>>> print(open('model-v2.txt').read())   # compact mmCIF, C-alpha atoms
# COMPACT_ATOMS: atom_id res chain seq x y z
CA MET A 205 -13.38 -35.12 10.35
CA THR A 206 -10.47 -37.55 10.09
CA GLY A 207 -7.43 -38.13 12.22
CA PHE A 208 -4.02 -38.42 10.61
CA VAL A 209 -0.31 -38.34 11.32
CA LYS A 210 2.05 -36.87 8.75
CA ILE A 211 5.67 -38.05 8.84
CA GLY A 212 7.69 -36.55 6.04
CA SER A 213 5.72 -37.11 2.86
CA ALA A 214 3.76 -40.08 4.29
CA THR A 215 0.30 -39.52 5.77
CA LEU A 216 -1.19 -42.24 8.01
CA ASN A 217 -4.92 -42.42 8.78
CA THR A 218 -5.45 -42.65 12.57
CA THR A 219 -9.22 -42.14 12.77
CA GLY A 220 -10.55 -44.22 15.66
CA VAL A 221 -7.08 -44.72 17.09
CA LEU A 222 -5.49 -41.30 17.66
CA GLY A 223 -6.92 -37.82 17.22
CA VAL A 224 -10.51 -38.59 16.22
CA SER A 225 -12.81 -41.20 17.76
CA ALA A 226 -16.46 -41.75 18.61
CA ASN A 227 -17.98 -40.76 21.97
CA PRO A 228 -20.65 -42.95 23.71
CA ASN A 229 -23.41 -41.33 21.63
CA GLY A 230 -21.61 -42.26 18.40
CA ALA A 231 -20.68 -38.69 17.50
CA ILE A 232 -17.18 -38.13 16.11
CA VAL A 233 -15.07 -35.99 18.47
CA GLU A 234 -11.46 -34.82 18.65
CA ARG A 235 -9.70 -36.79 21.34
CA GLY A 236 -6.03 -37.59 21.98
CA PHE A 237 -6.66 -41.28 22.71
CA PRO A 238 -9.81 -43.36 22.26
CA ARG A 239 -11.98 -44.13 25.28
CA TYR A 240 -11.00 -47.80 25.44
CA VAL A 241 -7.33 -47.02 26.26
CA THR A 242 -7.82 -44.29 28.89
CA LEU A 243 -8.63 -44.41 32.61
CA PRO A 244 -11.27 -43.16 33.24
CA ALA A 245 -12.92 -43.56 29.83
CA TYR A 246 -14.73 -40.23 30.19
CA ARG A 247 -13.24 -36.89 31.15
CA ASP A 248 -13.33 -36.71 34.94
CA LEU A 249 -10.46 -34.90 36.66
CA SER A 250 -11.07 -36.24 40.17
CA LEU A 251 -11.37 -39.86 39.06
CA GLY A 252 -8.31 -39.45 36.81
CA ARG A 253 -6.38 -38.16 39.80
CA ARG A 254 -7.42 -41.21 41.86
CA TRP A 255 -6.17 -43.55 39.12
CA HIS A 256 -2.94 -41.56 38.91
CA PHE A 257 -2.22 -41.86 42.64
CA PHE A 258 -3.25 -45.54 42.67
CA PHE A 259 -0.57 -46.36 40.09
CA ALA A 260 1.92 -44.04 41.80
CA TRP A 261 1.51 -46.04 45.02
CA LEU A 262 2.04 -49.26 43.04
CA PHE A 263 5.39 -47.84 41.90
CA VAL A 264 6.25 -46.90 45.51
CA ALA A 265 5.42 -50.44 46.65
CA ASN A 266 7.60 -51.82 43.84
CA LEU A 267 10.49 -49.59 44.99
CA VAL A 268 10.13 -50.80 48.59
CA VAL A 269 10.21 -54.44 47.43
CA TYR A 270 13.32 -53.66 45.31
CA TYR A 271 15.13 -52.10 48.29
CA ILE A 272 14.21 -54.95 50.64
CA GLY A 273 15.35 -57.51 48.08
CA GLY A 274 18.55 -55.54 47.40
CA LEU A 275 19.38 -55.33 51.08
CA ALA A 276 18.58 -58.99 51.74
CA SER A 277 20.68 -60.27 48.82
CA GLY A 278 23.56 -57.83 49.34
CA HIS A 279 23.10 -56.33 45.86
CA LEU A 280 22.95 -52.75 47.16
CA ARG A 281 26.14 -53.12 49.23
CA ARG A 282 28.05 -55.21 46.69
CA ASP A 283 27.12 -53.50 43.40
CA LEU A 284 25.71 -50.05 44.05
CA LEU A 285 27.67 -48.51 46.92
CA PRO A 286 31.19 -47.17 46.30
CA THR A 287 34.03 -49.07 47.96
CA ALA A 288 35.70 -47.77 51.14
CA ARG A 289 38.92 -46.88 49.25
CA ILE A 290 37.04 -44.72 46.77
CA ALA A 291 35.10 -42.98 49.53
CA ALA A 292 38.25 -42.36 51.65
CA GLU A 293 40.47 -41.09 48.83
CA GLY A 294 37.82 -39.17 46.95
CA ASP A 295 38.97 -40.95 43.80
CA SER A 296 36.45 -39.81 41.22
CA LYS A 297 37.98 -41.90 38.41
CA GLY A 298 37.81 -45.03 40.53
CA PHE A 299 34.28 -44.07 41.51
CA ARG A 300 33.25 -43.97 37.86
CA ARG A 301 35.15 -47.19 37.20
CA SER A 302 33.22 -48.95 39.98
CA PHE A 303 29.95 -48.19 38.17
CA ALA A 304 31.28 -49.27 34.77
CA ALA A 305 32.39 -52.71 35.98
>>> encode(input="model-v2.txt", output="structure tokens")
Amino acid sequence: MTGFVKIGSATLNTTGVLGVSANPNGAIVERGFPRYVTLPAYRDLSLGRRWHFFFAWLFVANLVVYYIGGLASGHLRRDLLPTARIAAEGDSKGFRRSFAA
């Protein structure tokens, strides 16, 4: 059993990288990614879900830091919110222009 990717007329051998790799016993198995690049290394739905939510909370923490930094520096008010004239007039062209600048 070998893993390969075919792009047009070119065929690339991906055994051990994508498609086919060895399990802990050394047997060759079909697998999307090798064990050394996946969390968890073995197939465990509950542990995979824990890793998924751990990294999701890291992204949430990153977003909170971004908002706090944006509020403290004035970046959100100065660069991301539409101006009062655009909001009062409903000027959609000016609204788009404010994002392009």
>>> atom_distance(input="model-v2.txt", atom1="atom CA of Pro228 of chain A", atom2="atom CA of Arg247 of chain A")
12.1 Å
>>> closest_residue(input="model-v2.txt", among="A:Leu284, A:Ala214, A:Thr206, A:Gly278", to="Val233 of chain A", atoms="only C-alpha atoms")
A:Thr206
>>> closest_residue(input="model-v2.txt", among="A:Asp248, A:Ile232, A:Asn217, A:Ser277", to="Met205 of chain A", atoms="all atoms listed in the file")
A:Ile232
>>> atom_distance(input="model-v2.txt", atom1="atom CA of Ala276 of chain A", atom2="atom CA of Trp261 of chain A")
22.5 Å
>>> atom_distance(input="model-v2.txt", atom1="atom CA of Asn227 of chain A", atom2="atom CA of Tyr246 of chain A")
8.9 Å
>>> residues_around(input="model-v2.txt", residues="Val209 of chain A", least_positions_apart="3", cutoff="12 Å", atoms="only C-alpha atoms", output="PyMOL selection string")
chain A and resi 206+212-219+221-224
>>> closest_residue(input="model-v2.txt", among="A:Ile211, A:Ala226, A:Leu285, A:Val269", to="Ala245 of chain A", atoms="only C-alpha atoms")
A:Ala226
>>> closest_residue(input="model-v2.txt", among="A:Ser225, A:Phe263, A:Gly273, A:Gly252", to="Arg239 of chain A", atoms="all atoms listed in the file")
A:Ser225
>>> decode(input="model-v2.txt", residues="segment 251-262 of chain A", atoms="all heavy atoms", output="tab-separated table (two decimals), in the first residue's frame")
chain	number	residue	atom	x	y	z
A	251	LEU	N	-10.80	13.04	23.67
A	251	LEU	CA	-9.56	13.79	23.85
A	251	LEU	C	-9.37	14.80	22.72
A	251	LEU	O	-8.91	15.92	22.93
A	251	LEU	CB	-8.37	12.84	23.93
A	251	LEU	CG	-7.06	13.46	24.36
A	251	LEU	CD1	-7.20	14.16	25.70
A	251	LEU	CD2	-5.99	12.39	24.45
A	252	GLY	N	-9.76	14.42	21.50
A	252	GLY	CA	-9.70	15.35	20.38
A	252	GLY	C	-10.60	16.56	20.60
A	252	GLY	O	-10.24	17.69	20.28
A	253	ARG	N	-11.76	16.31	21.19
A	253	ARG	CA	-12.67	17.41	21.50
A	253	ARG	C	-12.07	18.34	22.56
A	253	ARG	O	-12.20	19.57	22.47
A	253	ARG	CB	-14.00	16.85	21.99
A	253	ARG	CG	-15.07	17.89	22.15
A	253	ARG	CD	-16.40	17.27	22.50
A	253	ARG	NE	-16.86	16.49	21.36
A	253	ARG	CZ	-17.63	15.42	21.46
A	253	ARG	NH1	-17.99	14.99	22.64
A	253	ARG	NH2	-18.01	14.78	20.39
A	254	ARG	N	-11.39	17.79	23.54
A	254	ARG	CA	-10.74	18.62	24.56
A	254	ARG	C	-9.67	19.51	23.94
A	254	ARG	O	-9.56	20.69	24.27
A	254	ARG	CB	-10.12	17.75	25.64
A	254	ARG	CG	-11.11	17.17	26.58
A	254	ARG	CD	-10.40	16.39	27.65
A	254	ARG	NE	-11.36	15.77	28.54
A	254	ARG	CZ	-11.01	15.04	29.57
A	254	ARG	NH1	-9.74	14.82	29.84
A	254	ARG	NH2	-11.94	14.51	30.34
A	255	TRP	N	-8.84	18.94	23.05
A	255	TRP	CA	-7.83	19.74	22.37
A	255	TRP	C	-8.49	20.83	21.53
A	255	TRP	O	-8.01	21.96	21.50
A	255	TRP	CB	-6.95	18.86	21.47
A	255	TRP	CG	-5.85	18.18	22.20
A	255	TRP	CD1	-5.78	16.86	22.51
A	255	TRP	CD2	-4.67	18.79	22.72
A	255	TRP	NE1	-4.62	16.60	23.20
A	255	TRP	CE2	-3.91	17.77	23.34
A	255	TRP	CE3	-4.17	20.08	22.74
A	255	TRP	CZ2	-2.70	18.01	23.95
A	255	TRP	CZ3	-2.96	20.33	23.34
A	255	TRP	CH2	-2.24	19.29	23.94
A	256	HIS	N	-9.57	20.49	20.85
A	256	HIS	CA	-10.28	21.45	20.01
A	256	HIS	C	-10.76	22.64	20.84
A	256	HIS	O	-10.53	23.80	20.48
A	256	HIS	CB	-11.47	20.76	19.34
A	256	HIS	CG	-12.32	21.68	18.56
A	256	HIS	ND1	-12.05	22.01	17.26
A	256	HIS	CD2	-13.44	22.37	18.89
A	256	HIS	CE1	-12.96	22.86	16.82
A	256	HIS	NE2	-13.82	23.08	17.79
A	257	PHE	N	-11.40	22.39	21.97
A	257	PHE	CA	-11.91	23.48	22.79
A	257	PHE	C	-10.78	24.24	23.50
A	257	PHE	O	-10.90	25.44	23.72
A	257	PHE	CB	-12.94	22.98	23.80
A	257	PHE	CG	-14.27	22.72	23.16
A	257	PHE	CD1	-14.78	21.46	23.06
A	257	PHE	CD2	-15.00	23.78	22.63
A	257	PHE	CE1	-16.00	21.22	22.46
A	257	PHE	CE2	-16.21	23.57	22.02
A	257	PHE	CZ	-16.71	22.28	21.93
A	258	PHE	N	-9.67	23.57	23.82
A	258	PHE	CA	-8.53	24.27	24.38
A	258	PHE	C	-8.03	25.33	23.41
A	258	PHE	O	-7.84	26.50	23.77
A	258	PHE	CB	-7.41	23.27	24.70
A	258	PHE	CG	-6.10	23.92	25.04
A	258	PHE	CD1	-5.93	24.55	26.26
A	258	PHE	CD2	-5.05	23.91	24.14
A	258	PHE	CE1	-4.72	25.17	26.58
A	258	PHE	CE2	-3.84	24.53	24.44
A	258	PHE	CZ	-3.68	25.15	25.67
A	259	PHE	N	-7.83	24.97	22.15
A	259	PHE	CA	-7.35	25.94	21.16
A	259	PHE	C	-8.43	26.97	20.83
A	259	PHE	O	-8.11	28.12	20.54
A	259	PHE	CB	-6.85	25.23	19.91
A	259	PHE	CG	-5.49	24.62	20.12
A	259	PHE	CD1	-5.34	23.25	20.21
A	259	PHE	CD2	-4.37	25.42	20.24
A	259	PHE	CE1	-4.10	22.69	20.41
A	259	PHE	CE2	-3.12	24.88	20.45
A	259	PHE	CZ	-2.98	23.50	20.53
A	260	ALA	N	-9.70	26.59	20.88
A	260	ALA	CA	-10.77	27.57	20.66
A	260	ALA	C	-10.73	28.65	21.75
A	260	ALA	O	-10.88	29.84	21.45
A	260	ALA	CB	-12.12	26.88	20.65
A	261	TRP	N	-10.50	28.25	23.00
A	261	TRP	CA	-10.42	29.24	24.08
A	261	TRP	C	-9.17	30.11	23.94
A	261	TRP	O	-9.18	31.28	24.33
A	261	TRP	CB	-10.48	28.57	25.45
A	261	TRP	CG	-11.88	28.23	25.82
A	261	TRP	CD1	-12.43	26.99	25.94
A	261	TRP	CD2	-12.93	29.16	26.09
A	261	TRP	NE1	-13.75	27.09	26.25
A	261	TRP	CE2	-14.10	28.41	26.36
A	261	TRP	CE3	-13.02	30.55	26.12
A	261	TRP	CZ2	-15.31	29.00	26.67
A	261	TRP	CZ3	-14.24	31.14	26.42
A	261	TRP	CH2	-15.36	30.37	26.69
A	262	LEU	N	-8.09	29.57	23.38
A	262	LEU	CA	-6.93	30.41	23.10
A	262	LEU	C	-7.28	31.50	22.09
A	262	LEU	O	-6.85	32.65	22.23
A	262	LEU	CB	-5.76	29.58	22.57
A	262	LEU	CG	-4.98	28.76	23.58
A	262	LEU	CD1	-3.85	28.01	22.89
A	262	LEU	CD2	-4.43	29.62	24.69
